[in-house]
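Colleague: Enclosed is the structure file target-v7.cif (mmCIF, C-alpha atoms and all ligand atoms).
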data_start
loop_
_atom_site.label_atom_id
_atom_site.label_comp_id
_atom_site.auth_asym_id
_atom_site.auth_seq_id
_atom_site.Cartn_x
_atom_site.Cartn_y
_atom_site.Cartn_z
CA MET R 1233 -12.00 -3.52 -11.47
CA LYS R 1234 -10.20 -6.86 -11.24
CA ILE R 1235 -6.61 -6.64 -10.08
CA ARG R 1236 -4.15 -9.45 -9.45
CA ALA R 1237 -2.37 -8.91 -6.14
CA HIS R 1238 1.09 -7.92 -7.30
CA HIS R 1239 -0.35 -5.30 -9.63
CA ILE R 1240 -1.26 -3.32 -6.51
CA LEU R 1241 2.49 -2.72 -6.34
CA CYS R 1242 3.10 -2.15 -10.04
CA VAL R 1243 0.48 0.57 -10.37
CA GLN R 1244 2.03 2.61 -7.58
CA ASN R 1245 5.46 2.50 -9.20
CA TYR R 1246 4.28 3.02 -12.76
CA ILE R 1247 6.00 5.93 -14.49
CA GLY R 1248 5.08 5.21 -18.09
CA TYR R 1249 7.20 2.19 -18.92
CA GLY R 1250 5.53 -0.93 -20.28
CA TYR R 1251 5.71 -3.95 -22.52
CA SER R 1252 4.25 -2.23 -25.60
CA GLU R 1253 2.67 1.04 -26.70
CA ASP R 1254 -0.83 -0.46 -26.37
CA PHE R 1255 0.03 -1.68 -22.90
CA LYS R 1256 1.18 1.79 -21.83
CA VAL R 1257 -1.93 3.52 -23.21
CA HIS R 1258 -4.10 0.99 -21.39
CA MET R 1259 -2.07 1.30 -18.17
CA ASP R 1260 -2.44 5.10 -18.28
CA GLU R 1261 -6.22 4.62 -18.39
CA ILE R 1262 -6.17 2.18 -15.48
CA VAL R 1263 -4.06 4.53 -13.35
CA LYS R 1264 -6.47 7.36 -14.15
CA LYS R 1265 -9.48 5.28 -13.09
CA LEU R 1266 -7.79 4.22 -9.85
CA ARG R 1267 -7.35 7.88 -8.87
CA ASP R 1268 -11.13 7.85 -8.18
CA ASP R 1269 -10.57 5.15 -5.53
CA PRO R 1270 -12.85 2.43 -6.94
CA GLN R 1271 -13.41 -0.94 -5.30
CA ILE R 1272 -11.03 -3.51 -6.69
CA GLU R 1273 -11.50 -7.26 -6.65
CA ILE R 1274 -8.45 -9.43 -6.09
CA THR R 1275 -8.18 -11.95 -8.89
CA GLU R 1276 -5.92 -14.92 -9.45
CA GLY R 1277 -5.44 -14.90 -13.19
CA CYS R 1278 -5.21 -12.22 -15.83
CA ASP R 1279 -6.79 -8.96 -14.71
CA ASP R 1280 -7.83 -5.63 -16.17
CA ILE R 1281 -4.17 -4.62 -16.53
CA CYS R 1282 -3.17 -7.86 -18.27
CA ALA R 1283 -5.92 -7.25 -20.83
CA ALA R 1284 -3.60 -5.21 -23.07
CA CYS R 1285 -0.35 -7.06 -22.37
CA PRO R 1286 1.51 -8.84 -25.17
CA TYR R 1287 2.36 -11.60 -22.68
CA ASN R 1288 -1.31 -12.38 -22.08
CA GLU R 1289 -1.75 -15.57 -24.08
CA ASN R 1290 -5.44 -16.38 -24.28
CA GLY R 1291 -6.05 -15.18 -20.74
CA GLN R 1292 -2.93 -16.65 -19.19
CA CYS R 1293 0.36 -14.89 -18.49
CA SER R 1294 3.27 -16.45 -20.35
CA SER R 1295 5.37 -15.93 -17.20
CA LEU R 1296 2.75 -17.56 -15.03
CA ASP R 1297 5.08 -19.25 -12.51
CA LYS R 1298 6.90 -16.01 -11.78
CA VAL R 1299 3.85 -13.75 -11.53
CA LYS R 1300 1.84 -16.33 -9.57
CA LEU R 1301 4.55 -16.35 -6.93
CA MET R 1302 4.56 -12.55 -6.77
CA ASP R 1303 0.75 -12.56 -6.49
CA GLU R 1304 0.88 -15.08 -3.65
CA LYS R 1305 3.58 -13.23 -1.72
CA THR R 1306 1.78 -9.90 -2.14
CA ALA R 1307 -1.59 -11.32 -1.12
CA ASP R 1308 -0.02 -13.01 1.93
CA ALA R 1309 1.72 -9.81 2.98
CA LEU R 1310 -1.52 -7.84 2.72
CA GLY R 1311 -3.78 -10.53 4.17
CA LEU R 1312 -5.84 -10.64 0.98
CA LYS R 1313 -7.26 -13.57 -0.96
CA CYS R 1314 -8.84 -14.09 -4.35
CA GLY R 1315 -12.35 -12.60 -4.49
CA ASP R 1316 -11.72 -10.02 -1.75
CA ARG R 1317 -13.04 -6.56 -2.52
CA ILE R 1318 -11.23 -3.53 -1.16
CA SER R 1319 -10.96 0.14 -2.05
CA TRP R 1320 -7.96 1.04 -4.13
CA ASN R 1321 -6.67 3.62 -1.66
CA THR R 1322 -6.87 1.13 1.23
CA ALA R 1323 -5.01 -1.52 -0.79
CA SER R 1324 -2.31 0.91 -1.89
CA ASP R 1325 -1.86 2.29 1.66
CA MET R 1326 -1.50 -1.26 2.97
CA ALA R 1327 1.06 -2.04 0.27
CA SER R 1328 3.06 1.06 1.19
CA LYS R 1329 3.23 0.21 4.89
CA GLN R 1330 3.42 -3.56 4.71
CA ILE R 1331 5.58 -4.03 1.61
CA PHE R 1332 7.33 -0.93 0.28
CA GLU R 1333 8.46 0.21 3.74
CA THR R 1334 9.74 -3.25 4.65
CA GLN R 1335 12.19 -5.86 3.38
CA LEU R 1336 9.27 -7.60 1.67
CA PHE R 1337 9.50 -5.37 -1.38
CA GLY R 1338 12.85 -6.88 -2.39
CA LYS R 1339 11.67 -10.36 -1.52
CA ILE R 1340 8.56 -10.05 -3.67
CA CYS R 1341 9.88 -7.98 -6.57
CA GLY R 1342 13.64 -8.59 -6.61
CA SER R 1343 13.54 -10.83 -9.68
CA CYS R 1344 11.43 -8.45 -11.80
CA GLN R 1345 13.03 -6.69 -14.76
CA TRP R 1346 11.62 -3.35 -13.56
CA TYR R 1347 12.86 -3.71 -9.99
CA ASP R 1348 15.58 -1.03 -10.11
CA ILE R 1349 13.15 1.51 -11.57
CA CYS R 1350 10.51 0.65 -8.99
CA LEU R 1351 13.02 0.74 -6.15
CA LYS R 1352 13.90 4.28 -7.17
CA GLN R 1353 10.22 5.28 -7.12
CA VAL R 1354 9.77 3.76 -3.68
CA GLY R 1355 12.84 5.64 -2.43
CA GLN R 1356 11.59 8.93 -3.86
CA ARG R 1357 8.18 8.50 -2.24
CA ALA R 1358 9.85 7.73 1.09
CA LYS R 1359 11.74 11.01 0.80
CA GLY R 1360 8.48 12.76 -0.04
CA SER R 1361 9.52 13.83 -3.52
S1 LIG R 1401 9.35 -4.53 -9.49
FE1 LIG R 1401 8.06 -5.44 -11.09
S2 LIG R 1401 6.46 -6.58 -10.01
FE2 LIG R 1401 7.41 -5.18 -8.54
S3 LIG R 1401 6.18 -3.33 -8.57
FE3 LIG R 1401 7.79 -3.04 -10.04
S4 LIG R 1401 6.99 -3.70 -12.02
FE4 LIG R 1401 5.67 -4.54 -10.42
S1 LIG R 1402 0.07 -10.83 -18.69
FE1 LIG R 1402 1.73 -11.28 -17.24
S2 LIG R 1402 3.39 -9.86 -17.79
FE2 LIG R 1402 1.48 -9.11 -18.71
S3 LIG R 1402 0.64 -7.61 -17.23
FE3 LIG R 1402 -0.31 -9.62 -16.83
S4 LIG R 1402 0.96 -10.54 -15.23
FE4 LIG R 1402 2.17 -8.88 -16.14
#
Would it be possible to restate this file's structure as C-alpha cells?
Ligand code: SF4
Ligand code: SF4
Modeller:
Amino acid sequence: MKIRAHHILCVQNYIGYGYSEDFKVHMDEIVKKLRDDPQIEITEGCDDICAACPYNENGQCSSLDKVKLMDEKTADALGLKCGDRISWNTASDMASKQIFETQLFGKICGSCQWYDICLKQVGQRAKGS
C-alpha cells in the first residue's frame, strides 16, 4: 500500500470524519487493511488514501503546498524517505513516539482543519482511553 508520510498520522487519528461520503467509505477500508500490518511504501504524491478524495485533481492534491510540507516534516521526523518500505505497525509506533508524544505534532499538523479533533484523539490515547 502506498502512503504519503503525513497520512501515517491521519490514519491513527481517524474517527470517521472525511471530505466526502466516498472518502469516508474508502478510508474505513484502508484502516481495516492496515489492521493486518501490511508493508507500506512511502510515496511523495497522491497515495492509496488520496484515491477517493475530492481534492485529488488528476493525481495531484489541490492543497499541494500545504500537504507537501506536512509530508516532508513527517518524513524528516521519522527518518523516512520516498520509496522506503516499512510495516504499518512500525511506522505508526514511530509516529506515536517521535511525533504525537512530542511538540512536533503541533508543528506538523497545527494548520490542519482537523487538528483539534486529532489533538483530542492523541490526548485520549495518551491517557489510555
Ligand atoms: S491534524 Fe490533519 S494532517 Fe494531522 S493527523 Fe489530523 S487530519 Fe492528519
Ligand atoms: S488529495 Fe490532498 S486533501 Fe485529499 S487525502 Fe490526499 S493529501 Fe489529503
Colleague: Mind listing the residues within 6 Å of ligand LIG 1401 (chain R), all atoms listed in the file counted, as number ranges by chain?
Modeller: R: 1241-1242, 1245, 1341, 1344, 1346-1347, 1350
Colleague: Enumerate residues in contact with ligand LIG 1402 (chain R): an atom-to-atom distance of at most 7 Å, counting all atoms listed in the file. Format the result as a list in words.
Modeller: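 Using all atoms listed in the file, everything at most 7 Å from ligand LIG 1402 (chain R) comes to Cys1278, Asp1279, Ile1281, Cys1282, Cys1285, Pro1286, Tyr1287, Asn1288, Gln1292, Cys1293, Ser1294, Ser1295, Leu1296 and Val1299 of chain R.
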Colleague: From the options R:Asp1280, R:Arg1267, R:Gln1244, R:Ile1235, which residue's atoms come nearest to Ala1327 of chain R, counting only C-alpha atoms?
Modeller: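 That would be R:Gln1244, the residue with the smallest distance to Ala1327 of chain R.
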Colleague: Within 10 Å of Lys1339 of chain R, counting only C-alpha atoms, which residues show up once you throw out same-chain ones fewer than 5 positions away? Write them as a ChimeraX atom specification, please.
Modeller: /R:1302,1305-1306,1331,1334
Colleague: Hey, what's within 9 Å of Asn1321 of chain R if we count only C-alpha atoms and toss same-chain stuff fewer than 2 positions away? As a list in words, please?
Modeller: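 Close residues of Asn1321 of chain R: Leu1266, Arg1267, Asp1268, Asp1269, Pro1270, Gln1271, Ile1318, Ser1319, Ala1323, Ser1324, Asp1325 and Met1326 of chain R.
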Colleague: Kindly indicate which residue among R:Lys1300, R:Arg1357, R:Lys1352, R:Lys1329 lies nearest to Ala1237 of chain R, using all atoms listed in the file for the distances.
Modeller: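 Nearest candidate to Ala1237 of chain R out of R:Lys1300, R:Arg1357, R:Lys1352, R:Lys1329: R:Lys1300.
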Colleague: In Å, with one decimal, what is the gap from atom CA of Lys1313 of chain R to atom CA of His1238 of chain R?
Modeller: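 Atom-to-atom, atom CA of Lys1313 of chain R to atom CA of His1238 of chain R, that is 11.9 Å.
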Colleague: Using all atoms listed in the file for the distances, tell me which of R:Met1259, R:Met1233, R:Ile1272, R:Phe1332 is nearest to Ala1358 of chain R.
Modeller: R:Phe1332
